[in-house]
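Below is upload.txt, which holds compact mmCIF, C-alpha atoms and all ligand atoms.
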```
# COMPACT_ATOMS: atom_id res chain seq x y z
CA MET R 11 -50.63 186.61 0.05
CA ARG R 12 -49.74 185.35 -3.43
CA ASN R 13 -45.99 185.31 -4.09
CA HIS R 14 -44.40 185.49 -7.53
CA LYS R 15 -40.78 185.30 -8.60
CA VAL R 16 -39.86 187.46 -11.57
CA ALA R 17 -36.47 187.55 -13.29
CA LEU R 18 -35.86 191.13 -14.37
CA LEU R 19 -33.49 191.68 -17.30
CA PRO R 20 -32.93 195.40 -18.06
CA GLY R 21 -30.33 194.72 -20.77
CA ASP R 22 -28.92 197.58 -22.83
CA GLY R 23 -29.59 201.06 -24.20
CA ILE R 24 -32.97 202.38 -23.04
CA GLY R 25 -33.54 199.05 -21.23
CA PRO R 26 -32.61 200.20 -17.69
CA GLU R 27 -34.76 203.37 -17.98
CA ILE R 28 -37.94 201.63 -19.12
CA THR R 29 -37.32 198.84 -16.61
CA ALA R 30 -37.14 201.25 -13.67
CA VAL R 31 -40.44 202.86 -14.64
CA THR R 32 -42.16 199.51 -15.23
CA LYS R 33 -40.89 197.95 -12.01
CA SER R 34 -42.19 200.79 -9.86
CA LEU R 35 -45.64 200.48 -11.45
CA ILE R 36 -45.72 196.73 -10.81
CA GLU R 37 -44.81 197.30 -7.17
CA ILE R 38 -47.72 199.69 -6.70
CA LEU R 39 -50.05 197.22 -8.40
CA ALA R 40 -48.86 194.38 -6.20
CA GLU R 41 -49.66 196.38 -3.10
CA LYS R 42 -53.09 197.32 -4.38
CA HIS R 43 -54.01 193.80 -5.51
CA ASN R 44 -52.53 192.01 -2.57
CA PHE R 45 -49.71 190.01 -4.04
CA HIS R 46 -45.95 190.15 -3.71
CA ILE R 47 -43.26 189.99 -6.37
CA ASP R 48 -39.65 189.03 -5.72
CA PHE R 49 -37.60 190.60 -8.48
CA GLU R 50 -34.23 189.07 -9.25
CA GLU R 51 -32.23 191.28 -11.56
CA GLU R 52 -29.76 189.66 -13.96
CA LEU R 53 -27.49 190.61 -16.85
CA ILE R 54 -28.13 189.96 -20.54
CA GLY R 55 -26.82 191.33 -23.84
CA GLY R 56 -24.15 194.03 -24.00
CA SER R 57 -24.19 194.70 -20.27
CA ALA R 58 -23.47 190.99 -19.68
CA ILE R 59 -20.69 191.03 -22.28
CA GLU R 60 -19.06 193.93 -20.44
CA LYS R 61 -19.24 192.27 -17.01
CA CYS R 62 -18.78 188.55 -17.83
CA GLY R 63 -17.76 188.31 -21.50
CA ASP R 64 -20.92 186.31 -22.25
CA PRO R 65 -24.22 187.73 -23.57
CA LEU R 66 -26.21 185.13 -21.59
CA PRO R 67 -24.35 184.18 -18.40
CA GLN R 68 -25.32 180.79 -16.95
CA GLN R 69 -26.51 182.53 -13.80
CA THR R 70 -29.03 184.55 -15.83
CA LEU R 71 -30.44 181.46 -17.51
CA ASP R 72 -30.61 179.61 -14.17
CA THR R 73 -32.46 182.49 -12.48
CA CYS R 74 -34.91 182.67 -15.38
CA LYS R 75 -35.55 178.92 -15.22
CA ARG R 76 -36.53 179.03 -11.59
CA SER R 77 -38.73 182.11 -11.85
CA ASP R 78 -42.46 182.31 -12.58
CA ALA R 79 -41.91 184.79 -15.40
CA VAL R 80 -39.15 186.80 -17.03
CA LEU R 81 -39.51 190.50 -17.77
CA LEU R 82 -36.95 191.66 -20.32
CA ALA R 83 -36.38 195.18 -21.66
CA ALA R 84 -34.07 195.22 -24.69
CA ILE R 85 -30.60 194.21 -25.82
CA GLY R 86 -28.07 195.35 -28.40
CA ASN R 87 -25.64 198.04 -29.44
CA PRO R 88 -23.90 198.45 -32.81
CA LYS R 89 -20.56 198.62 -31.00
CA TYR R 90 -20.71 194.82 -30.59
CA ASP R 91 -21.32 194.16 -34.31
CA LYS R 92 -17.70 193.18 -34.89
CA LEU R 93 -17.61 190.52 -32.17
CA PRO R 94 -17.84 186.86 -33.18
CA ARG R 95 -21.51 185.91 -33.48
CA ASP R 96 -21.60 183.81 -30.29
CA LYS R 97 -20.46 186.84 -28.30
CA ARG R 98 -23.03 189.31 -29.62
CA PRO R 99 -25.98 190.60 -27.56
CA GLU R 100 -28.53 189.12 -30.02
CA THR R 101 -27.07 185.66 -29.41
CA GLY R 102 -27.79 186.11 -25.72
CA LEU R 103 -31.44 186.73 -26.50
CA LEU R 104 -31.68 183.81 -28.93
CA ASN R 105 -30.03 181.51 -26.39
CA LEU R 106 -32.47 182.64 -23.72
CA ARG R 107 -35.40 181.83 -26.03
CA ALA R 108 -33.91 178.44 -26.94
CA GLY R 109 -32.81 177.72 -23.35
CA LEU R 110 -36.36 178.21 -22.06
CA GLY R 111 -37.95 176.46 -25.06
CA LEU R 112 -40.04 179.53 -25.94
CA PHE R 113 -41.45 178.40 -29.25
CA ALA R 114 -44.52 180.64 -29.27
CA ASN R 115 -44.12 184.38 -29.62
CA LEU R 116 -47.34 186.39 -29.33
CA ARG R 117 -47.33 189.98 -30.54
CA PRO R 118 -50.72 191.68 -30.21
CA VAL R 119 -51.19 194.76 -32.38
CA LYS R 120 -54.10 196.83 -31.17
CA ILE R 121 -54.82 200.43 -31.99
CA ARG R 122 -55.29 202.53 -28.89
CA PRO R 123 -58.18 204.88 -29.79
CA ALA R 124 -56.24 207.96 -28.62
CA LEU R 125 -53.38 207.17 -31.00
CA ILE R 126 -55.24 206.78 -34.28
CA SER R 127 -53.76 209.99 -35.64
CA SER R 128 -50.22 208.94 -34.68
CA SER R 129 -50.24 206.13 -37.22
CA SER R 130 -48.51 206.77 -40.51
CA LEU R 131 -51.63 205.34 -42.20
CA LYS R 132 -55.00 207.06 -42.62
CA PRO R 133 -57.33 206.81 -39.58
CA GLU R 134 -60.02 204.95 -41.55
CA ILE R 135 -57.47 202.24 -42.47
CA VAL R 136 -56.15 201.61 -38.94
CA GLU R 137 -59.30 202.42 -36.97
CA GLU R 138 -60.29 198.92 -35.91
CA VAL R 139 -57.02 197.08 -36.11
CA ASP R 140 -56.83 194.33 -33.52
CA LEU R 141 -54.59 191.51 -34.66
CA LEU R 142 -52.22 189.03 -33.11
CA VAL R 143 -48.99 187.86 -34.69
CA VAL R 144 -48.16 184.30 -33.61
CA ARG R 145 -44.51 183.84 -34.53
CA GLU R 146 -42.59 180.57 -34.21
CA LEU R 147 -39.55 181.58 -32.17
CA ILE R 148 -36.95 178.83 -31.78
CA GLY R 149 -36.79 177.26 -35.23
CA GLY R 150 -36.59 178.24 -38.88
CA ILE R 151 -33.65 180.04 -40.43
CA TYR R 152 -32.63 181.61 -37.12
CA PHE R 153 -31.53 178.24 -35.73
CA GLY R 154 -31.22 175.94 -38.80
CA GLN R 155 -28.05 173.97 -39.45
CA PRO R 156 -25.79 174.03 -41.39
CA LYS R 157 -24.88 177.69 -41.27
CA GLY R 158 -21.70 179.66 -41.51
CA ILE R 159 -19.20 181.58 -43.61
CA ILE R 160 -16.56 179.46 -45.35
CA GLU R 161 -13.56 180.12 -47.58
CA THR R 162 -13.67 178.59 -51.06
CA ASP R 163 -11.44 178.80 -54.17
CA ASN R 164 -13.88 181.40 -55.46
CA GLY R 165 -13.86 183.53 -52.32
CA GLN R 166 -16.11 183.39 -49.31
CA ARG R 167 -19.45 181.63 -49.22
CA ALA R 168 -22.09 182.10 -46.54
CA PHE R 169 -25.23 180.11 -45.86
CA ASN R 170 -28.10 179.56 -43.42
CA THR R 171 -30.72 176.85 -43.49
CA MET R 172 -34.44 177.46 -43.21
CA VAL R 173 -35.81 174.29 -41.69
CA TYR R 174 -39.03 173.22 -39.99
CA SER R 175 -40.12 169.76 -38.93
CA SER R 176 -43.78 168.82 -38.97
CA LYS R 177 -43.73 168.67 -35.15
CA GLU R 178 -42.44 172.23 -34.89
CA VAL R 179 -45.14 173.49 -37.26
CA ASP R 180 -47.86 171.52 -35.49
CA ARG R 181 -47.11 172.88 -32.03
CA ILE R 182 -47.10 176.54 -33.09
CA ALA R 183 -50.14 176.03 -35.33
CA LYS R 184 -52.04 174.55 -32.39
CA ILE R 185 -51.30 177.66 -30.31
CA ALA R 186 -52.59 179.89 -33.12
CA PHE R 187 -55.79 177.86 -33.62
CA ASP R 188 -56.51 177.80 -29.89
CA LEU R 189 -56.00 181.56 -29.65
CA ALA R 190 -58.16 182.20 -32.72
CA ARG R 191 -60.99 180.43 -30.91
CA GLU R 192 -60.89 183.10 -28.21
CA ARG R 193 -60.78 185.89 -30.79
CA LYS R 194 -62.58 186.46 -34.09
CA GLY R 195 -61.96 182.91 -35.30
CA LYS R 196 -59.74 183.76 -38.27
CA ILE R 197 -56.17 182.71 -39.06
CA CYS R 198 -54.02 183.86 -41.92
CA SER R 199 -50.89 181.71 -42.23
CA ILE R 200 -48.00 183.50 -43.93
CA ASP R 201 -45.36 181.62 -45.91
CA LYS R 202 -43.52 181.55 -49.22
CA ALA R 203 -44.84 178.21 -50.44
CA ASN R 204 -44.63 179.28 -54.08
CA VAL R 205 -40.83 179.14 -53.79
CA LEU R 206 -39.70 177.38 -50.60
CA ASP R 207 -40.08 173.69 -49.76
CA VAL R 208 -39.95 174.50 -46.07
CA SER R 209 -43.01 176.72 -46.59
CA GLN R 210 -44.81 173.97 -48.49
CA LEU R 211 -44.44 171.68 -45.46
CA TRP R 212 -45.57 174.56 -43.24
CA ARG R 213 -48.69 175.07 -45.35
CA ASN R 214 -49.50 171.34 -45.50
CA ARG R 215 -49.28 170.98 -41.73
CA VAL R 216 -51.35 174.10 -41.05
CA ASN R 217 -54.04 172.77 -43.44
CA GLU R 218 -53.93 169.45 -41.62
CA MET R 219 -54.34 171.16 -38.24
CA SER R 220 -57.32 173.15 -39.53
CA LEU R 221 -59.28 169.91 -39.97
CA LYS R 222 -59.46 169.74 -36.17
CA TYR R 223 -60.83 173.29 -36.00
CA PRO R 224 -63.71 173.43 -38.49
CA GLU R 225 -65.07 176.60 -36.86
CA ILE R 226 -61.86 178.56 -37.61
CA GLU R 227 -61.55 180.27 -40.98
CA LEU R 228 -58.06 179.60 -42.37
CA THR R 229 -56.44 181.51 -45.24
CA HIS R 230 -52.86 181.56 -46.55
CA GLN R 231 -50.85 184.44 -47.94
CA TYR R 232 -47.38 184.63 -49.42
CA VAL R 233 -45.21 186.85 -47.29
CA ASP R 234 -44.69 189.49 -50.00
CA ASN R 235 -48.43 189.85 -50.50
CA ALA R 236 -49.01 189.81 -46.72
CA ALA R 237 -46.57 192.71 -46.27
CA MET R 238 -48.65 194.66 -48.77
CA GLN R 239 -52.04 193.61 -47.36
CA LEU R 240 -50.96 194.65 -43.89
CA ILE R 241 -50.78 198.29 -44.92
CA ARG R 242 -53.53 198.10 -47.57
CA SER R 243 -56.27 196.73 -45.29
CA PRO R 244 -54.96 195.59 -41.91
CA ASN R 245 -58.50 194.96 -40.70
CA GLN R 246 -58.72 191.74 -42.67
CA PHE R 247 -56.38 190.10 -40.13
CA ASP R 248 -57.22 188.47 -36.82
CA VAL R 249 -54.49 185.90 -36.02
CA ILE R 250 -51.40 185.89 -38.23
CA LEU R 251 -49.49 182.62 -37.95
CA THR R 252 -45.97 182.55 -39.31
CA GLY R 253 -42.38 181.33 -38.93
CA ASN R 254 -39.46 182.95 -37.19
CA LEU R 255 -38.01 185.18 -39.92
CA PHE R 256 -41.27 186.25 -41.56
CA GLY R 257 -42.71 186.90 -38.10
CA ASP R 258 -39.78 189.13 -37.20
CA ILE R 259 -40.32 191.28 -40.28
CA ILE R 260 -44.13 191.30 -40.32
CA SER R 261 -44.35 192.21 -36.63
CA ASP R 262 -42.20 195.32 -37.06
CA GLU R 263 -44.36 196.32 -40.00
CA ALA R 264 -47.53 195.71 -37.99
CA ALA R 265 -46.10 197.77 -35.13
CA MET R 266 -46.18 200.89 -37.26
CA LEU R 267 -49.96 200.59 -37.62
CA THR R 268 -50.15 201.60 -33.98
CA GLY R 269 -48.14 204.78 -34.44
CA SER R 270 -44.88 203.67 -32.91
CA ILE R 271 -42.93 200.50 -32.31
CA GLY R 272 -42.68 201.92 -28.79
CA MET R 273 -46.23 200.66 -28.22
CA LEU R 274 -45.88 196.94 -28.93
CA PRO R 275 -45.56 194.26 -26.22
CA SER R 276 -44.88 190.56 -26.64
CA ALA R 277 -45.02 187.27 -24.79
CA SER R 278 -42.79 184.32 -25.59
CA LEU R 279 -44.22 181.12 -24.21
CA THR R 280 -43.64 177.40 -23.85
CA ASN R 281 -45.99 174.63 -22.77
CA ASN R 282 -44.32 174.20 -19.37
CA GLY R 283 -42.10 176.78 -17.76
CA PRO R 284 -41.79 180.53 -17.44
CA GLY R 285 -42.48 182.87 -20.34
CA VAL R 286 -40.46 185.91 -21.34
CA PHE R 287 -42.35 189.18 -21.63
CA GLU R 288 -40.61 191.90 -23.60
CA PRO R 289 -41.31 194.89 -25.80
CA VAL R 290 -40.96 194.28 -29.55
CA HIS R 291 -38.68 197.30 -29.96
CA GLY R 292 -34.93 197.23 -29.53
CA SER R 293 -32.51 199.01 -27.21
CA ALA R 294 -32.46 202.35 -29.15
CA PRO R 295 -28.90 203.28 -28.12
CA ASP R 296 -29.27 206.64 -29.93
CA ILE R 297 -31.74 207.88 -27.31
CA ALA R 298 -30.45 205.95 -24.28
CA MET R 299 -29.88 207.77 -20.97
CA ARG R 300 -31.68 210.88 -22.21
CA ASP R 301 -35.10 210.19 -20.68
CA LEU R 302 -36.66 210.16 -24.16
CA ALA R 303 -37.75 206.51 -24.39
CA ASN R 304 -41.37 205.42 -24.55
CA PRO R 305 -41.88 202.97 -21.66
CA ILE R 306 -45.37 201.89 -22.81
CA ALA R 307 -44.37 198.77 -24.78
CA MET R 308 -42.56 197.48 -21.72
CA ILE R 309 -45.43 198.41 -19.41
CA LEU R 310 -47.84 196.61 -21.75
CA SER R 311 -45.44 193.64 -21.69
CA ALA R 312 -45.68 193.73 -17.89
CA ALA R 313 -49.47 193.72 -18.30
CA MET R 314 -49.16 190.58 -20.45
CA MET R 315 -46.90 189.06 -17.80
CA LEU R 316 -49.41 189.78 -15.07
CA ARG R 317 -52.28 188.32 -17.10
CA ILE R 318 -50.67 185.30 -18.80
CA GLY R 319 -47.60 184.55 -16.70
CA LEU R 320 -48.79 185.30 -13.15
CA LYS R 321 -52.58 185.12 -13.57
CA GLU R 322 -53.00 188.51 -11.89
CA VAL R 323 -55.76 189.49 -14.28
CA SER R 324 -57.25 192.49 -12.50
CA ALA R 325 -53.82 194.06 -11.92
CA SER R 326 -53.14 193.63 -15.62
CA GLU R 327 -56.44 195.31 -16.52
CA ASP R 328 -55.64 198.26 -14.24
CA LEU R 329 -52.35 198.78 -15.98
CA GLU R 330 -53.89 198.74 -19.46
CA LYS R 331 -56.67 201.08 -18.39
CA SER R 332 -54.21 203.59 -16.89
CA ILE R 333 -52.22 203.67 -20.12
CA ASP R 334 -55.33 204.40 -22.17
CA MET R 335 -56.34 207.16 -19.76
CA VAL R 336 -52.95 208.85 -19.97
CA LEU R 337 -53.00 208.70 -23.76
CA GLU R 338 -56.54 210.08 -23.81
CA ASP R 339 -55.31 213.02 -21.73
CA GLY R 340 -52.96 213.81 -24.61
CA PHE R 341 -49.66 212.85 -22.97
CA ARG R 342 -47.08 211.53 -25.42
CA THR R 343 -43.44 210.50 -25.41
CA PRO R 344 -41.46 212.08 -28.29
CA ASP R 345 -41.90 209.06 -30.63
CA LEU R 346 -45.68 209.66 -30.59
CA SER R 347 -45.88 213.37 -30.15
CA PHE R 348 -47.14 215.86 -32.70
CA GLY R 349 -49.42 218.89 -32.90
CA ASP R 350 -50.83 219.88 -29.53
CA SER R 351 -49.90 216.75 -27.58
CA LYS R 352 -48.25 217.17 -24.19
CA GLU R 353 -44.74 215.83 -24.58
CA LEU R 354 -43.22 213.91 -21.68
CA GLY R 355 -40.01 212.03 -21.00
CA CYS R 356 -39.85 208.39 -19.96
CA LYS R 357 -39.96 209.01 -16.20
CA ALA R 358 -42.75 211.58 -16.37
CA MET R 359 -44.81 209.21 -18.52
CA GLY R 360 -44.40 206.62 -15.75
CA GLN R 361 -45.54 209.21 -13.20
CA GLU R 362 -48.69 210.01 -15.17
CA ILE R 363 -49.57 206.32 -15.47
CA LEU R 364 -48.99 205.95 -11.75
CA LYS R 365 -51.39 208.83 -11.02
CA LYS R 366 -54.07 207.09 -13.07
CA LEU R 367 -53.46 203.79 -11.27
CA HIS R 368 -54.21 205.54 -8.00
CA THR R 369 -57.59 206.71 -9.34
CA LEU R 370 -58.80 203.18 -10.19
C1 LIG R 401 -37.14 190.67 -32.20
C2 LIG R 401 -35.73 191.13 -32.47
C3 LIG R 401 -34.81 189.93 -32.35
C4 LIG R 401 -35.22 188.91 -33.40
C5 LIG R 401 -33.29 190.25 -32.46
C6 LIG R 401 -32.88 191.33 -31.49
C7 LIG R 401 -32.44 189.04 -32.30
O1 LIG R 401 -35.65 191.75 -33.71
O2 LIG R 401 -37.39 190.15 -31.10
O3 LIG R 401 -37.99 190.85 -33.08
O4 LIG R 401 -34.78 189.00 -34.56
O5 LIG R 401 -35.98 188.01 -33.06
MG MG R 402 -37.51 192.05 -34.65
```

Starting from the file, lay out its structure as structure tokens.
Ligand code: IPM
Ligand code: MG
Amino acid sequence: MRNHKVALLPGDGIGPEITAVTKSLIEILAEKHNFHIDFEEELIGGSAIEKCGDPLPQQTLDTCKRSDAVLLAAIGNPKYDKLPRDKRPETGLLNLRAGLGLFANLRPVKIRPALISSSSLKPEIVEEVDLLVVRELIGGIYFGQPKGIIETDNGQRAFNTMVYSSKEVDRIAKIAFDLARERKGKICSIDKANVLDVSQLWRNRVNEMSLKYPEIELTHQYVDNAAMQLIRSPNQFDVILTGNLFGDIISDEAAMLTGSIGMLPSASLTNNGPGVFEPVHGSAPDIAMRDLANPIAMILSAAMMLRIGLKEVSASEDLEKSIDMVLEDGFRTPDLSFGDSKELGCKAMGQEILKKLHTL
């Protein structure tokens, strides 16, 4: 029997609810596909601040480091916004990414056929969308030094530094080019090279990398134009390669093509060591504990974990198939529901997916 160790981080807000649903589905899959998963649950974000005063306790990082994969739900709550930055939930997540060296964040954006009419864009615009955002995750303005807020004679001054080295650009570009090879063979690199020096270096290095991949079609777009193109004609994109901040913004925008940010999974990877698999959405404290959350982004993240992190490919395919079947039956969580769809809460959505799993 194959054995896998998974660190499970429910986090905050809707996190524990979507985690419970996802975990029970994985357990059923493990049984069916003949493998075993040891889950080790740890604290992160606001729940870790409450219990240990630290958004990423050492124990959490240690458990993650010795696992085969990390499955994370969501972190954050506005009630922590007044804490010093190093004590906020978001810092816990950033430290986890940095601590595991997760430089490559993959965010696939694929329209599920049953959800075409849930998108805020016209069906003919989103119909065939199937793109992948490859976001650099542990560099750029999120981590650049110097940064801070200082007192001056003229009042306060605040600054961050957007910085990339050629090595950092090269390693994420390589990931994007390799992935493009397995897809439609197109990369659009997004930057702001008309204004920012850091983007000029980014563009130069990506051009350099493309020489090694003559079969891949490379284009560049400025981020403002890319934001527009993404809703004008999203079908032009295959792989989108971009830095940390632009990737954060563009991936939320791309999420809406699919109807709801509650649909988008992600994988954060390094070249050696466990990856973190987490939904793109946040902790949605406004709907927490009310059984209203959409668990699908987390379930799809679990599917990515099974496929990429644990190499349990057929279990991953089963999970994806079951989700499509449930959506085709017209079941929707409130974020996706309209017209004559059958509205379900988080738990009931999990139950429906489970029923489909049993039919496969
Ligand atoms: C994301 C989130 C995080 C980010 C926050 C919660 C720190 O928005 O994963 O996209 O900005 O990277
Ligand atoms: Mg974000």

What does the distance from atom CA of R:Ser326 to atom CA of R:Lys194 come to in Å, to one decimal?
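Atom CA of R:Lys194 lies at a distance of 21.9 Å from atom CA of R:Ser326.
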
Which residue of R:Leu316, R:Cys74, R:Ala277, R:Ala168 approaches R:Val143 most closely, using only C-alpha atoms:
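Ranked by minimum distance to R:Val143, first place goes to R:Ala277.
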
Quick one: pull the distance between atom CA of R:Val16 and atom CA of R:Asn254, Å, one decimal.
26.0 Å

Measure the distance from atom CA of R:Ile47 to atom CA of R:Gln69 in Å and round it to one decimal.
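Going from atom CA of R:Ile47 over to atom CA of R:Gln69, I get 19.8 Å.
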
I want to know what sits within 8 Å of R:Leu337, based on only C-alpha atoms, with residues of the same chain fewer than 4 positions away left out; could you give that as a list in words?
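Contacts, in chain order: Ala124, Leu125, Ile333, Phe341 and Arg342 of chain R.
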
Residues near R:Ile271, cut-off 7 Å, all atoms listed in the file, skip fewer than 4 positions along chain, as number ranges by chain
R: 265-266, 291

Find the spatial neighbours of R:Leu228, counting only C-alpha atoms, within a cut-off of 12 Å - ignore same-chain residues fewer than 5 positions away - and output them as a VMD selection string.
chain R and resid 183 186 to 187 190 to 191 194 to 200 213 216 to 223 247 to 251

Per residue of chain R within 8 Å of ligand MG 402 (chain R), record the nearest atom pair and its distance in Å to one decimal, counting all atoms listed in the file, with rows in chain order and ascending residue number, as a tab-separated table.
```
residue	atom	partner	partner_atom	distance
R:Asp258	CA	R:MG402	MG	4.5
R:Ile259	CA	R:MG402	MG	6.3
R:Ser261	CA	R:MG402	MG	7.1
R:Asp262	CA	R:MG402	MG	6.2
R:Val290	CA	R:MG402	MG	6.5
R:His291	CA	R:MG402	MG	7.1
R:Gly292	CA	R:MG402	MG	7.7
```

Residues near stretch 296-298 of chain R, anyone? I mean within 12 Å using only C-alpha atoms, not counting same-chain ones fewer than 3 positions away, as a count of residues only.
24

Residue with smallest distance to ligand LIG 401 (chain R) - pool R:Gly269, R:Gly149, R:Pro295, R:Gly257, counting all atoms listed in the file
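Counting all atoms listed in the file, the residue closest to ligand LIG 401 (chain R) is R:Gly257.
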
Contacts of R:Ser129 at 10 Å or less, counting all atoms listed in the file, minus same-chain residues fewer than 5 places along, as a VMD selection string?
chain R and resid 121 135 to 137 265 to 270 346

Box along x, y and z, 6 Å on every side, all listed atoms of stretch 301-308 of chain R inside: centre and edge lengths in Å to one decimal, as AutoDock Vina command-line options.
```
--center_x -40.2 --center_y 203.8 --center_z -22.7 --size_x 22.3 --size_y 24.7 --size_z 16.1
```
